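**Q** Pasting structure-v1.pdb below, which is PDB, C-alpha atoms and all ligand atoms.
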```
MODEL        1
ATOM      1  CA  MET A  23     -17.003  23.626   6.921
ATOM      2  CA  THR A  24     -18.679  20.970   9.020
ATOM      3  CA  GLY A  25     -17.708  17.360   9.025
ATOM      4  CA  HIS A  26     -14.588  15.386   9.792
ATOM      5  CA  VAL A  27     -11.744  13.857   7.862
ATOM      6  CA  TYR A  28     -11.900  10.088   8.070
ATOM      7  CA  VAL A  29      -8.528   8.398   7.684
ATOM      8  CA  THR A  30      -9.314   4.696   7.508
ATOM      9  CA  ARG A  31      -5.803   3.515   8.458
ATOM     10  CA  LEU A  32      -2.910   4.862  10.488
ATOM     11  CA  LEU A  33      -0.754   6.650   7.891
ATOM     12  CA  THR A  34       2.944   7.550   8.160
ATOM     13  CA  ASP A  35       3.889  10.176  10.787
ATOM     14  CA  ASP A  36       4.373  12.989   8.263
ATOM     15  CA  ALA A  37       1.018  12.238   6.652
ATOM     16  CA  MET A  38      -0.759  12.135  10.033
ATOM     17  CA  ASP A  39       0.810  15.564  10.770
ATOM     18  CA  ALA A  40      -0.547  16.788   7.420
ATOM     19  CA  VAL A  41      -3.986  15.457   8.376
ATOM     20  CA  ALA A  42      -3.841  17.358  11.681
ATOM     21  CA  ALA A  43      -2.800  20.510   9.780
ATOM     22  CA  LEU A  44      -6.063  20.397   7.811
ATOM     23  CA  GLY A  45      -7.610  21.916  10.922
ATOM     24  CA  LEU A  46     -10.700  19.730  10.909
ATOM     25  CA  PRO A  47     -11.874  17.048  13.322
ATOM     26  CA  VAL A  48     -10.173  13.758  12.471
ATOM     27  CA  VAL A  49     -11.424  10.208  12.873
ATOM     28  CA  ALA A  50      -8.448   7.918  12.391
ATOM     29  CA  GLY A  51      -8.438   4.171  12.013
ATOM     30  CA  ARG A  52      -5.778   1.766  13.171
ATOM     31  CA  GLU A  53      -2.937  -0.138  11.488
ATOM     32  CA  VAL A  54      -5.392  -2.898  10.624
ATOM     33  CA  PRO A  55      -8.248  -2.261   8.203
ATOM     34  CA  PRO A  56     -11.607  -1.148   9.639
ATOM     35  CA  SER A  57     -14.357  -3.741   9.570
ATOM     36  CA  ARG A  58     -17.169  -3.003   7.127
ATOM     37  CA  ALA A  59     -19.310  -1.850  10.081
ATOM     38  CA  GLU A  60     -16.542   0.480  11.298
ATOM     39  CA  LEU A  61     -16.059   1.870   7.791
ATOM     40  CA  LEU A  62     -19.780   2.592   7.485
ATOM     41  CA  ARG A  63     -19.934   4.106  10.960
ATOM     42  CA  ASP A  64     -16.866   6.348  10.740
ATOM     43  CA  ALA A  65     -17.686   7.614   7.253
ATOM     44  CA  VAL A  66     -20.932   9.200   8.452
ATOM     45  CA  GLY A  67     -20.680  12.970   8.062
ATOM     46  CA  ALA A  68     -17.128  12.955   6.672
ATOM     47  CA  VAL A  69     -16.064  15.703   4.272
ATOM     48  CA  ALA A  70     -13.109  13.627   3.140
ATOM     49  CA  VAL A  71     -12.111   9.998   3.372
ATOM     50  CA  VAL A  72      -8.479   8.957   3.022
ATOM     51  CA  SER A  73      -8.926   5.338   2.004
ATOM     52  CA  THR A  74      -6.585   2.486   1.199
ATOM     53  CA  LEU A  75      -6.825  -0.390  -1.240
ATOM     54  CA  THR A  76      -8.285  -2.627   1.456
ATOM     55  CA  ASP A  77     -11.366  -0.399   1.843
ATOM     56  CA  ARG A  78     -14.270  -1.114  -0.489
ATOM     57  CA  MET A  79     -15.472   2.406  -1.255
ATOM     58  CA  ASP A  80     -18.765   1.544  -2.915
ATOM     59  CA  SER A  81     -22.079   3.364  -3.150
ATOM     60  CA  VAL A  82     -23.138   2.081   0.283
ATOM     61  CA  VAL A  83     -20.162   3.735   1.966
ATOM     62  CA  LEU A  84     -20.548   6.914  -0.093
ATOM     63  CA  ASP A  85     -24.222   7.101   0.894
ATOM     64  CA  ALA A  86     -23.352   6.387   4.522
ATOM     65  CA  ALA A  87     -20.980   9.369   4.436
ATOM     66  CA  GLY A  88     -23.797  11.504   3.110
ATOM     67  CA  PRO A  89     -23.875  14.782   1.174
ATOM     68  CA  SER A  90     -20.971  16.298   3.149
ATOM     69  CA  LEU A  91     -18.468  14.025   1.390
ATOM     70  CA  ARG A  92     -16.366  15.899  -1.171
ATOM     71  CA  VAL A  93     -13.320  13.736  -1.754
ATOM     72  CA  VAL A  94     -12.123  10.154  -1.503
ATOM     73  CA  ALA A  95      -8.320  10.168  -1.532
ATOM     74  CA  ASN A  96      -7.098   6.639  -2.126
ATOM     75  CA  VAL A  97      -3.583   5.822  -0.910
ATOM     76  CA  ALA A  98      -2.636   3.730  -3.959
ATOM     77  CA  ALA A  99      -2.009   4.062  -7.650
ATOM     78  CA  GLY A 100      -4.763   1.488  -8.203
ATOM     79  CA  TYR A 101      -8.354   2.483  -7.533
ATOM     80  CA  ASP A 102     -10.300  -0.679  -8.291
ATOM     81  CA  ASN A 103     -11.570  -0.542  -4.689
ATOM     82  CA  VAL A 104     -13.437   2.708  -5.409
ATOM     83  CA  ASP A 105     -16.717   2.801  -7.331
ATOM     84  CA  LEU A 106     -15.855   5.690  -9.653
ATOM     85  CA  ALA A 107     -19.283   5.866 -11.279
ATOM     86  CA  ALA A 108     -20.987   6.072  -7.894
ATOM     87  CA  ALA A 109     -18.569   8.800  -6.797
ATOM     88  CA  ARG A 110     -19.078  10.767 -10.003
ATOM     89  CA  ALA A 111     -22.859  10.498  -9.677
ATOM     90  CA  ARG A 112     -22.604  12.032  -6.209
ATOM     91  CA  GLY A 113     -20.155  14.765  -7.231
ATOM     92  CA  ILE A 114     -17.373  13.275  -5.118
ATOM     93  CA  VAL A 115     -13.795  13.753  -6.337
ATOM     94  CA  VAL A 116     -11.620  10.620  -6.325
ATOM     95  CA  THR A 117      -7.827  10.884  -6.223
ATOM     96  CA  ASN A 118      -5.038   8.301  -6.254
ATOM     97  CA  THR A 119      -1.252   8.413  -5.779
ATOM     98  CA  PRO A 120       0.390   7.708  -9.128
ATOM     99  CA  GLY A 121       4.004   8.493  -9.915
ATOM    100  CA  VAL A 122       5.484   8.424  -6.417
ATOM    101  CA  LEU A 123       5.586   4.629  -6.265
ATOM    102  CA  ASP A 124       6.855   3.721  -9.729
ATOM    103  CA  ALA A 125      10.462   3.142  -8.724
ATOM    104  CA  ALA A 126       9.641   1.182  -5.576
ATOM    105  CA  THR A 127       7.193  -1.062  -7.410
ATOM    106  CA  ALA A 128       9.606  -1.572 -10.287
ATOM    107  CA  ASP A 129      12.381  -2.442  -7.835
ATOM    108  CA  LEU A 130      10.246  -5.095  -6.188
ATOM    109  CA  THR A 131       9.189  -6.424  -9.570
ATOM    110  CA  MET A 132      12.794  -6.756 -10.666
ATOM    111  CA  GLY A 133      13.588  -8.453  -7.370
ATOM    112  CA  LEU A 134      10.852 -10.970  -8.065
ATOM    113  CA  VAL A 135      12.083 -11.521 -11.621
ATOM    114  CA  LEU A 136      15.543 -12.260 -10.215
ATOM    115  CA  ALA A 137      14.178 -14.389  -7.376
ATOM    116  CA  LEU A 138      12.295 -16.541  -9.867
ATOM    117  CA  ALA A 139      14.889 -16.680 -12.606
ATOM    118  CA  ARG A 140      17.773 -17.455 -10.269
ATOM    119  CA  ARG A 141      15.765 -19.440  -7.718
ATOM    120  CA  ILE A 142      16.729 -17.208  -4.793
ATOM    121  CA  ALA A 143      13.705 -17.900  -2.583
ATOM    122  CA  GLU A 144      13.883 -21.598  -3.390
ATOM    123  CA  GLY A 145      17.587 -21.664  -2.493
ATOM    124  CA  ASP A 146      16.908 -19.877   0.778
ATOM    125  CA  ARG A 147      14.154 -22.356   1.658
ATOM    126  CA  PHE A 148      16.419 -25.262   0.723
ATOM    127  CA  LEU A 149      19.252 -24.162   3.029
ATOM    128  CA  ARG A 150      16.836 -23.720   5.909
ATOM    129  CA  THR A 151      15.857 -27.393   5.648
ATOM    130  CA  GLY A 152      19.399 -28.271   6.775
ATOM    131  CA  THR A 153      19.796 -30.704   3.891
ATOM    132  CA  PRO A 154      23.521 -31.444   3.280
ATOM    133  CA  TRP A 155      24.726 -29.827   0.057
ATOM    134  CA  VAL A 156      27.820 -29.063  -1.908
ATOM    135  CA  TRP A 157      28.375 -26.815  -4.944
ATOM    136  CA  GLY A 158      27.757 -28.652  -8.213
ATOM    137  CA  PRO A 159      27.819 -27.682 -11.902
ATOM    138  CA  ARG A 160      24.188 -28.684 -12.304
ATOM    139  CA  MET A 161      22.907 -27.464  -8.995
ATOM    140  CA  MET A 162      19.829 -25.179  -8.989
ATOM    141  CA  THR A 163      20.517 -23.559 -12.329
ATOM    142  CA  GLY A 164      18.016 -21.068 -13.682
ATOM    143  CA  LEU A 165      17.323 -18.533 -16.393
ATOM    144  CA  ASP A 166      20.188 -16.189 -17.358
ATOM    145  CA  LEU A 167      18.513 -12.819 -17.766
ATOM    146  CA  SER A 168      21.436 -11.328 -19.644
ATOM    147  CA  ALA A 169      21.707 -14.096 -22.225
ATOM    148  CA  GLY A 170      19.067 -12.490 -24.411
ATOM    149  CA  ALA A 171      16.101 -13.333 -22.180
ATOM    150  CA  THR A 172      12.965 -11.449 -23.146
ATOM    151  CA  LEU A 173      10.777  -9.576 -20.680
ATOM    152  CA  GLY A 174       7.170  -9.039 -21.738
ATOM    153  CA  VAL A 175       5.580  -6.027 -20.064
ATOM    154  CA  VAL A 176       1.785  -6.133 -20.050
ATOM    155  CA  GLY A 177       0.722  -2.539 -19.355
ATOM    156  CA  TYR A 178       3.402  -0.066 -20.417
ATOM    157  CA  GLY A 179       2.416   2.779 -18.108
ATOM    158  CA  ARG A 180       4.697   4.480 -15.646
ATOM    159  CA  ILE A 181       5.451   1.360 -13.600
ATOM    160  CA  GLY A 182       5.802  -0.867 -16.671
ATOM    161  CA  ARG A 183       8.301   1.589 -18.132
ATOM    162  CA  ALA A 184      10.279   1.735 -14.878
ATOM    163  CA  VAL A 185      10.472  -2.074 -14.919
ATOM    164  CA  ALA A 186      11.582  -2.026 -18.556
ATOM    165  CA  ARG A 187      14.409   0.411 -17.720
ATOM    166  CA  ARG A 188      15.653  -1.934 -15.030
ATOM    167  CA  ALA A 189      15.358  -4.979 -17.298
ATOM    168  CA  ARG A 190      17.402  -3.245 -19.995
ATOM    169  CA  ALA A 191      20.143  -2.651 -17.425
ATOM    170  CA  PHE A 192      20.177  -6.446 -17.025
ATOM    171  CA  ASP A 193      20.576  -6.760 -20.838
ATOM    172  CA  MET A 194      17.103  -8.198 -21.275
ATOM    173  CA  GLN A 195      15.124  -7.641 -24.463
ATOM    174  CA  VAL A 196      11.877  -5.845 -23.708
ATOM    175  CA  LEU A 197       8.523  -6.313 -25.424
ATOM    176  CA  ALA A 198       5.427  -4.444 -24.326
ATOM    177  CA  THR A 199       1.739  -4.276 -25.100
ATOM    178  CA  PRO A 200       0.691  -1.066 -26.883
ATOM    179  CA  THR A 201      -0.006   1.917 -24.680
ATOM    180  CA  ARG A 202      -1.980   5.130 -24.949
ATOM    181  CA  ALA A 203       0.471   6.806 -22.563
ATOM    182  CA  HIS A 204       2.303   9.782 -24.006
ATOM    183  CA  LEU A 205       5.817   8.610 -24.854
ATOM    184  CA  THR A 206       8.662  10.603 -26.363
ATOM    185  CA  PRO A 207      10.069   9.255 -29.641
ATOM    186  CA  GLY A 208      13.118   8.078 -27.660
ATOM    187  CA  GLU A 209      10.907   6.170 -25.205
ATOM    188  CA  ARG A 210       9.025   4.567 -28.114
ATOM    189  CA  ALA A 211      12.264   3.575 -29.796
ATOM    190  CA  GLU A 212      13.615   1.642 -26.825
ATOM    191  CA  VAL A 213      10.794  -0.895 -26.707
ATOM    192  CA  GLU A 214       9.129  -3.209 -29.193
ATOM    193  CA  PHE A 215       5.332  -3.081 -29.050
ATOM    194  CA  ARG A 216       3.418  -6.300 -29.783
ATOM    195  CA  ASP A 217      -0.155  -7.303 -29.098
ATOM    196  CA  LEU A 218      -0.878  -9.333 -25.966
ATOM    197  CA  PRO A 219      -0.868 -12.809 -27.598
ATOM    198  CA  GLN A 220       2.544 -12.065 -29.095
ATOM    199  CA  VAL A 221       3.977 -10.643 -25.902
ATOM    200  CA  LEU A 222       2.845 -13.814 -24.144
ATOM    201  CA  ALA A 223       4.230 -16.091 -26.849
ATOM    202  CA  LEU A 224       7.626 -14.403 -27.199
ATOM    203  CA  SER A 225       8.628 -13.671 -23.592
ATOM    204  CA  ASP A 226      10.683 -15.701 -21.136
ATOM    205  CA  VAL A 227       9.276 -13.612 -18.305
ATOM    206  CA  VAL A 228       5.898 -11.870 -18.418
ATOM    207  CA  THR A 229       5.242  -9.091 -15.907
ATOM    208  CA  LEU A 230       1.854  -7.461 -15.337
ATOM    209  CA  HIS A 231       1.463  -3.702 -14.859
ATOM    210  CA  CYS A 232      -2.042  -2.936 -16.091
ATOM    211  CA  PRO A 233      -4.818  -1.684 -13.804
ATOM    212  CA  LEU A 234      -7.553  -4.072 -12.697
ATOM    213  CA  THR A 235     -10.707  -3.203 -14.640
ATOM    214  CA  ALA A 236     -13.595  -5.198 -16.069
ATOM    215  CA  ALA A 237     -11.467  -5.620 -19.205
ATOM    216  CA  THR A 238      -8.390  -6.953 -17.404
ATOM    217  CA  HIS A 239     -10.163  -9.203 -14.888
ATOM    218  CA  HIS A 240      -8.699 -12.689 -15.521
ATOM    219  CA  LEU A 241      -6.766 -11.353 -18.487
ATOM    220  CA  VAL A 242      -4.287 -14.122 -17.718
ATOM    221  CA  ASP A 243      -6.545 -17.161 -17.993
ATOM    222  CA  ASP A 244      -6.073 -20.693 -19.358
ATOM    223  CA  ALA A 245      -5.924 -19.415 -22.939
ATOM    224  CA  ALA A 246      -3.367 -16.713 -22.140
ATOM    225  CA  LEU A 247      -1.220 -19.098 -20.111
ATOM    226  CA  SER A 248      -1.291 -21.663 -22.909
ATOM    227  CA  ARG A 249       0.201 -19.040 -25.235
ATOM    228  CA  MET A 250       3.224 -18.539 -22.974
ATOM    229  CA  ARG A 251       6.510 -20.249 -23.773
ATOM    230  CA  PRO A 252       6.980 -23.637 -22.090
ATOM    231  CA  GLY A 253       8.848 -22.961 -18.858
ATOM    232  CA  ALA A 254       8.184 -19.197 -18.969
ATOM    233  CA  LEU A 255       7.836 -17.183 -15.765
ATOM    234  CA  LEU A 256       4.962 -14.926 -14.693
ATOM    235  CA  VAL A 257       5.278 -11.977 -12.295
ATOM    236  CA  ASN A 258       2.293 -10.083 -10.886
ATOM    237  CA  THR A 259       2.797  -6.938  -8.823
ATOM    238  CA  ALA A 260      -0.377  -5.269 -10.173
ATOM    239  CA  ARG A 261      -3.644  -6.745  -8.884
ATOM    240  CA  GLY A 262      -4.431 -10.367  -8.058
ATOM    241  CA  ALA A 263      -7.611 -10.692 -10.081
ATOM    242  CA  ILE A 264      -5.805  -9.939 -13.352
ATOM    243  CA  VAL A 265      -4.722 -13.587 -13.094
ATOM    244  CA  ASP A 266      -7.156 -16.503 -12.890
ATOM    245  CA  THR A 267      -5.596 -18.330  -9.937
ATOM    246  CA  ASP A 268      -7.167 -21.685 -10.847
ATOM    247  CA  ALA A 269      -5.702 -21.461 -14.342
ATOM    248  CA  LEU A 270      -2.313 -20.438 -12.940
ATOM    249  CA  VAL A 271      -2.252 -23.380 -10.539
ATOM    250  CA  ARG A 272      -3.165 -25.716 -13.427
ATOM    251  CA  ALA A 273      -0.347 -24.353 -15.600
ATOM    252  CA  LEU A 274       2.183 -24.595 -12.770
ATOM    253  CA  THR A 275       1.249 -28.083 -11.624
ATOM    254  CA  ALA A 276       1.230 -29.360 -15.207
ATOM    255  CA  GLY A 277       4.762 -27.953 -15.553
ATOM    256  CA  ARG A 278       3.783 -25.810 -18.541
ATOM    257  CA  LEU A 279       4.832 -22.669 -16.723
ATOM    258  CA  GLY A 280       8.278 -22.531 -15.139
ATOM    259  CA  GLY A 281       7.224 -20.469 -12.159
ATOM    260  CA  ALA A 282       5.321 -17.476 -10.881
ATOM    261  CA  ALA A 283       6.056 -14.632  -8.490
ATOM    262  CA  LEU A 284       3.035 -13.002  -6.924
ATOM    263  CA  ASP A 285       2.881  -9.893  -4.764
ATOM    264  CA  VAL A 286      -0.900  -9.598  -5.089
ATOM    265  CA  PHE A 287      -3.729 -12.114  -4.779
ATOM    266  CA  GLU A 288      -7.238 -12.619  -6.052
ATOM    267  CA  ASP A 289      -8.842 -12.830  -2.669
ATOM    268  CA  GLU A 290      -6.308 -10.742  -0.773
ATOM    269  CA  PRO A 291      -5.148 -11.192   1.975
ATOM    270  CA  HIS A 292      -6.062 -14.855   1.526
ATOM    271  CA  VAL A 293      -3.335 -16.754  -0.309
ATOM    272  CA  ASP A 294      -4.485 -19.883  -2.098
ATOM    273  CA  PRO A 295      -2.892 -22.845  -0.254
ATOM    274  CA  ARG A 296      -2.163 -24.515  -3.599
ATOM    275  CA  LEU A 297       0.259 -21.670  -4.335
ATOM    276  CA  LEU A 298       1.910 -22.023  -0.929
ATOM    277  CA  ALA A 299       2.636 -25.668  -1.703
ATOM    278  CA  LEU A 300       4.455 -25.034  -4.986
ATOM    279  CA  GLU A 301       8.252 -24.769  -4.919
ATOM    280  CA  GLN A 302       8.451 -22.736  -8.136
ATOM    281  CA  VAL A 303       6.263 -19.945  -6.726
ATOM    282  CA  VAL A 304       7.642 -16.857  -4.964
ATOM    283  CA  LEU A 305       5.168 -14.987  -2.770
ATOM    284  CA  THR A 306       5.321 -11.573  -1.118
ATOM    285  CA  PRO A 307       2.553  -9.791   0.849
ATOM    286  CA  HIS A 308       1.685  -6.836  -1.451
ATOM    287  CA  LEU A 309       5.008  -5.066  -0.877
ATOM    288  CA  GLY A 310       5.230  -3.306  -4.251
ATOM    289  CA  SER A 311       5.220   0.225  -2.885
ATOM    290  CA  ALA A 312       6.564  -0.650   0.566
ATOM    291  CA  GLY A 313       9.619   1.615   0.609
ATOM    292  CA  ASN A 314       9.779   3.905   3.648
ATOM    293  CA  ARG A 315       9.996   7.082   1.580
ATOM    294  CA  THR A 316       7.564   5.810  -1.002
ATOM    295  CA  ARG A 317       4.866   5.075   1.568
ATOM    296  CA  ASP A 318       5.414   8.490   3.093
ATOM    297  CA  ALA A 319       5.094  10.107  -0.336
ATOM    298  CA  MET A 320       1.899   8.164  -1.106
ATOM    299  CA  CYS A 321       0.232   8.957   2.213
ATOM    300  CA  THR A 322       1.247  12.620   2.095
ATOM    301  CA  LEU A 323       0.083  13.010  -1.509
ATOM    302  CA  ALA A 324      -3.318  11.611  -0.544
ATOM    303  CA  VAL A 325      -3.639  14.172   2.264
ATOM    304  CA  HIS A 326      -2.505  17.009  -0.036
ATOM    305  CA  ASN A 327      -5.241  15.953  -2.460
ATOM    306  CA  VAL A 328      -7.753  16.316   0.368
ATOM    307  CA  ALA A 329      -6.368  19.746   1.258
ATOM    308  CA  ALA A 330      -6.649  20.914  -2.352
ATOM    309  CA  VAL A 331     -10.246  19.747  -2.801
ATOM    310  CA  LEU A 332     -11.371  21.182   0.527
ATOM    311  CA  ALA A 333      -9.754  24.499  -0.432
ATOM    312  CA  GLY A 334     -11.756  24.505  -3.652
ATOM    313  CA  GLN A 335      -8.696  23.851  -5.807
ATOM    314  CA  GLU A 336      -7.955  21.203  -8.407
ATOM    315  CA  PRO A 337      -6.658  18.005  -6.776
ATOM    316  CA  LEU A 338      -3.030  17.179  -7.565
ATOM    317  CA  THR A 339      -3.704  13.685  -8.851
ATOM    318  CA  PRO A 340      -7.371  13.131  -9.692
ATOM    319  CA  VAL A 341      -8.318   9.704 -11.017
TER     320      VAL A 341
HETATM  321  C1  LIG B   1      -0.674  -0.593  -4.665
HETATM  322  O1  LIG B   1      -0.986  -1.695  -4.922
HETATM  323  C2  LIG B   1      -1.097   0.543  -5.398
HETATM  324  O2  LIG B   1      -1.985   0.431  -6.253
HETATM  325  O3  LIG B   1      -0.569   1.618  -5.145
ENDMDL
END
```
Do you think you could lay out the structure here as structure tokens?
Ligand code: GLV

**A**
Amino acid sequence: MTGHVYVTRLLTDDAMDAVAALGLPVVAGREVPPSRAELLRDAVGAVAVVSTLTDRMDSVVLDAAGPSLRVVANVAAGYDNVDLAAARARGIVVTNTPGVLDAATADLTMGLVLALARRIAEGDRFLRTGTPWVWGPRMMTGLDLSAGATLGVVGYGRIGRAVARRARAFDMQVLATPTRAHLTPGERAEVEFRDLPQVLALSDVVTLHCPLTAATHHLVDDAALSRMRPGALLVNTARGAIVDTDALVRALTAGRLGGAALDVFEDEPHVDPRLLALEQVVLTPHLGSAGNRTRDAMCTLAVHNVAAVLAGQEPLTPV
């Protein structure tokens, strides 16, 4: 087989070892994303590209790679950065890394729910100002999750379900939007399915776990936000563009929404300065899957997908 494996970013050590074990020439990127010009240059003649969510794998890149390209292995559960139709038209297999990051992403989501509800980040920022303080009965109170608070899960796939399990351990009620995922009767019984407007209207905390597609772009817009309970909280660890940032800022500044926790951003890595200025907003830099073992599992799974396709086998996790 001629051609190289292009790994757009420096992966974990184990995954880089797995890349070397493929026995093909390797062109490896750095810790920072390649520029568009570097992406186009290093893709030329590749048989496989291990891409990340920061790489726009569109028809231009696929054409730059040329007819040698057999597989794009994206190191992410999400694949909105890959033009699937263009890949399909060129006979290129696309794989992602579902499953191995559910727990890590759900953990971060629950951390953000807690940070918002119990004002953890706000309290931390407050202490760092050096302002004198003393414990008080009315000081920095927030939402009690275990007092019957309702979590609305938008997108009840693997990650949504992992979040729901954690929320139930906190004695929260869980509502979710209907799913086509295969669920056992037991899994169906432990959640109440409602349509999106009802999930929005009935939840104290709404958390997003749907993929970003044309149908979910700006799913949370002015109309959706206006359906949410006054003072409700919004958490997004899915993709930034599922939320209309302008609408979110309007709802937060008008005080209609109690707060928002965002791990992902519309124009990532740019973070809208209006969000930075709001006290009731918790922000993290796309850390959903950032557990040491989880990242290793994601990177290694992507490389194993490449190995399978290049060996003429079915990929482990095709999109
Ligand atoms: C991360 O955002 C992922 O999609 O895996």

**Q** As an exercise, work out the distance from atom CA of A:Ala86 to atom CA of A:Val71 in Å and give it to one decimal place.

**A**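 We find that atom CA of A:Ala86 and atom CA of A:Val71 lie 11.9 Å from each other.
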
**Q** Quick one: everything within 9 Å of stretch 252-268 of chain A, counting all atoms listed in the file, minus sequence neighbours fewer than 3 positions away in the same chain. Send it as an MDAnalysis selection string.

**A** chainID A and resid 100 127:128 130:131 134:135 138:139 225:235 238:244 248:249 271:273 277:290 294 297 308:310

**Q** Can you give me, as JSON, numbers by chain, the residues this file yields under the PyMOL selection byres (((chain A and resi 109) around 12) and not hetatm)?

**A** {"A": [79, 80, 81, 82, 83, 84, 85, 87, 88, 89, 91, 92, 93, 94, 95, 103, 104, 105, 106, 107, 108, 110, 111, 112, 113, 114, 115, 116, 117, 341]}

**Q** For the selection you just gave me, I'd like the residues written to a file as an mmCIF file, in the frame of the given file, keeping C-alpha atoms.

**A**
```cif
data_model
loop_
_atom_site.group_PDB
_atom_site.id
_atom_site.type_symbol
_atom_site.label_atom_id
_atom_site.label_comp_id
_atom_site.auth_asym_id
_atom_site.auth_seq_id
_atom_site.Cartn_x
_atom_site.Cartn_y
_atom_site.Cartn_z
ATOM 1 C CA MET A 79 -15.472 2.406 -1.255
ATOM 2 C CA ASP A 80 -18.765 1.544 -2.915
ATOM 3 C CA SER A 81 -22.079 3.364 -3.150
ATOM 4 C CA VAL A 82 -23.138 2.081 0.283
ATOM 5 C CA VAL A 83 -20.162 3.735 1.966
ATOM 6 C CA LEU A 84 -20.548 6.914 -0.093
ATOM 7 C CA ASP A 85 -24.222 7.101 0.894
ATOM 8 C CA ALA A 87 -20.980 9.369 4.436
ATOM 9 C CA GLY A 88 -23.797 11.504 3.110
ATOM 10 C CA PRO A 89 -23.875 14.782 1.174
ATOM 11 C CA LEU A 91 -18.468 14.025 1.390
ATOM 12 C CA ARG A 92 -16.366 15.899 -1.171
ATOM 13 C CA VAL A 93 -13.320 13.736 -1.754
ATOM 14 C CA VAL A 94 -12.123 10.154 -1.503
ATOM 15 C CA ALA A 95 -8.320 10.168 -1.532
ATOM 16 C CA ASN A 103 -11.570 -0.542 -4.689
ATOM 17 C CA VAL A 104 -13.437 2.708 -5.409
ATOM 18 C CA ASP A 105 -16.717 2.801 -7.331
ATOM 19 C CA LEU A 106 -15.855 5.690 -9.653
ATOM 20 C CA ALA A 107 -19.283 5.866 -11.279
ATOM 21 C CA ALA A 108 -20.987 6.072 -7.894
ATOM 22 C CA ARG A 110 -19.078 10.767 -10.003
ATOM 23 C CA ALA A 111 -22.859 10.498 -9.677
ATOM 24 C CA ARG A 112 -22.604 12.032 -6.209
ATOM 25 C CA GLY A 113 -20.155 14.765 -7.231
ATOM 26 C CA ILE A 114 -17.373 13.275 -5.118
ATOM 27 C CA VAL A 115 -13.795 13.753 -6.337
ATOM 28 C CA VAL A 116 -11.620 10.620 -6.325
ATOM 29 C CA THR A 117 -7.827 10.884 -6.223
ATOM 30 C CA VAL A 341 -8.318 9.704 -11.017
#
```

**Q** Between A:Val293, A:Arg160, A:Thr339, A:Gly25, which residue has the minimum interatomic distance to A:Asn327, considering all atoms listed in the file?

**A** A:Thr339

**Q** Taking all listed atoms of ligand LIG 1 (chain B), build the axis-aligned box, pad each of the six sides by 3 Å, then write its centre and edge lengths in Å to one decimal as lines of an AutoDock Vina configuration file.

**A**
```
center_x = -1.3
center_y = 0.0
center_z = -5.5
size_x = 7.4
size_y = 9.3
size_z = 7.6
```

**Q** Between atom CA of A:Val72 and atom CA of A:Arg315, measure the distance and give it in Å to one decimal.

**A**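 Between these atoms lies a distance of 18.6 Å.
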
**Q** Give me the result of the PyMOL selection byres (((chain A and resi 32-43) around 12) and not hetatm) on this file, residue by residue, as a PyMOL selection string.

**A** chain A and resi 26-31+44-56+70-74+96-97+312-329

**Q** Which distance in Å separates atom CA of A:Thr76 and atom CA of A:Ala269, to one decimal?

**A**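 Atom CA of A:Ala269 lies 24.7 Å from atom CA of A:Thr76.
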
**Q** Applied to this file, what does the PyMOL selection byres (((chain A and resi 197-202) around 12) and not hetatm) return in terms of residues, put as a compact mmCIF listing (two decimals) with C-alpha atoms, in the frame of the given file?

**A**
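So expr_2.txt came out as:
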```txt
# COMPACT_ATOMS: atom_id res chain seq x y z
CA ALA A 171 16.10 -13.33 -22.18
CA THR A 172 12.96 -11.45 -23.15
CA LEU A 173 10.78 -9.58 -20.68
CA GLY A 174 7.17 -9.04 -21.74
CA VAL A 175 5.58 -6.03 -20.06
CA VAL A 176 1.78 -6.13 -20.05
CA GLY A 177 0.72 -2.54 -19.36
CA TYR A 178 3.40 -0.07 -20.42
CA GLY A 179 2.42 2.78 -18.11
CA ARG A 180 4.70 4.48 -15.65
CA GLY A 182 5.80 -0.87 -16.67
CA ARG A 183 8.30 1.59 -18.13
CA VAL A 185 10.47 -2.07 -14.92
CA ALA A 186 11.58 -2.03 -18.56
CA ARG A 187 14.41 0.41 -17.72
CA ALA A 189 15.36 -4.98 -17.30
CA ARG A 190 17.40 -3.24 -20.00
CA MET A 194 17.10 -8.20 -21.28
CA GLN A 195 15.12 -7.64 -24.46
CA VAL A 196 11.88 -5.84 -23.71
CA ALA A 203 0.47 6.81 -22.56
CA HIS A 204 2.30 9.78 -24.01
CA LEU A 205 5.82 8.61 -24.85
CA GLU A 209 10.91 6.17 -25.20
CA ARG A 210 9.02 4.57 -28.11
CA ALA A 211 12.26 3.58 -29.80
CA GLU A 212 13.62 1.64 -26.82
CA VAL A 213 10.79 -0.90 -26.71
CA GLU A 214 9.13 -3.21 -29.19
CA PHE A 215 5.33 -3.08 -29.05
CA ARG A 216 3.42 -6.30 -29.78
CA ASP A 217 -0.16 -7.30 -29.10
CA LEU A 218 -0.88 -9.33 -25.97
CA PRO A 219 -0.87 -12.81 -27.60
CA GLN A 220 2.54 -12.06 -29.10
CA VAL A 221 3.98 -10.64 -25.90
CA LEU A 222 2.84 -13.81 -24.14
CA ALA A 223 4.23 -16.09 -26.85
CA LEU A 224 7.63 -14.40 -27.20
CA SER A 225 8.63 -13.67 -23.59
CA ASP A 226 10.68 -15.70 -21.14
CA VAL A 227 9.28 -13.61 -18.30
CA VAL A 228 5.90 -11.87 -18.42
CA THR A 229 5.24 -9.09 -15.91
CA LEU A 230 1.85 -7.46 -15.34
CA HIS A 231 1.46 -3.70 -14.86
CA CYS A 232 -2.04 -2.94 -16.09
```

**Q** So which one's closest to ligand LIG 1 (chain B), A:Gly133, A:Pro120, A:Pro340, A:Pro159? Using only C-alpha atoms and all ligand atoms, please.

**A** A:Pro120
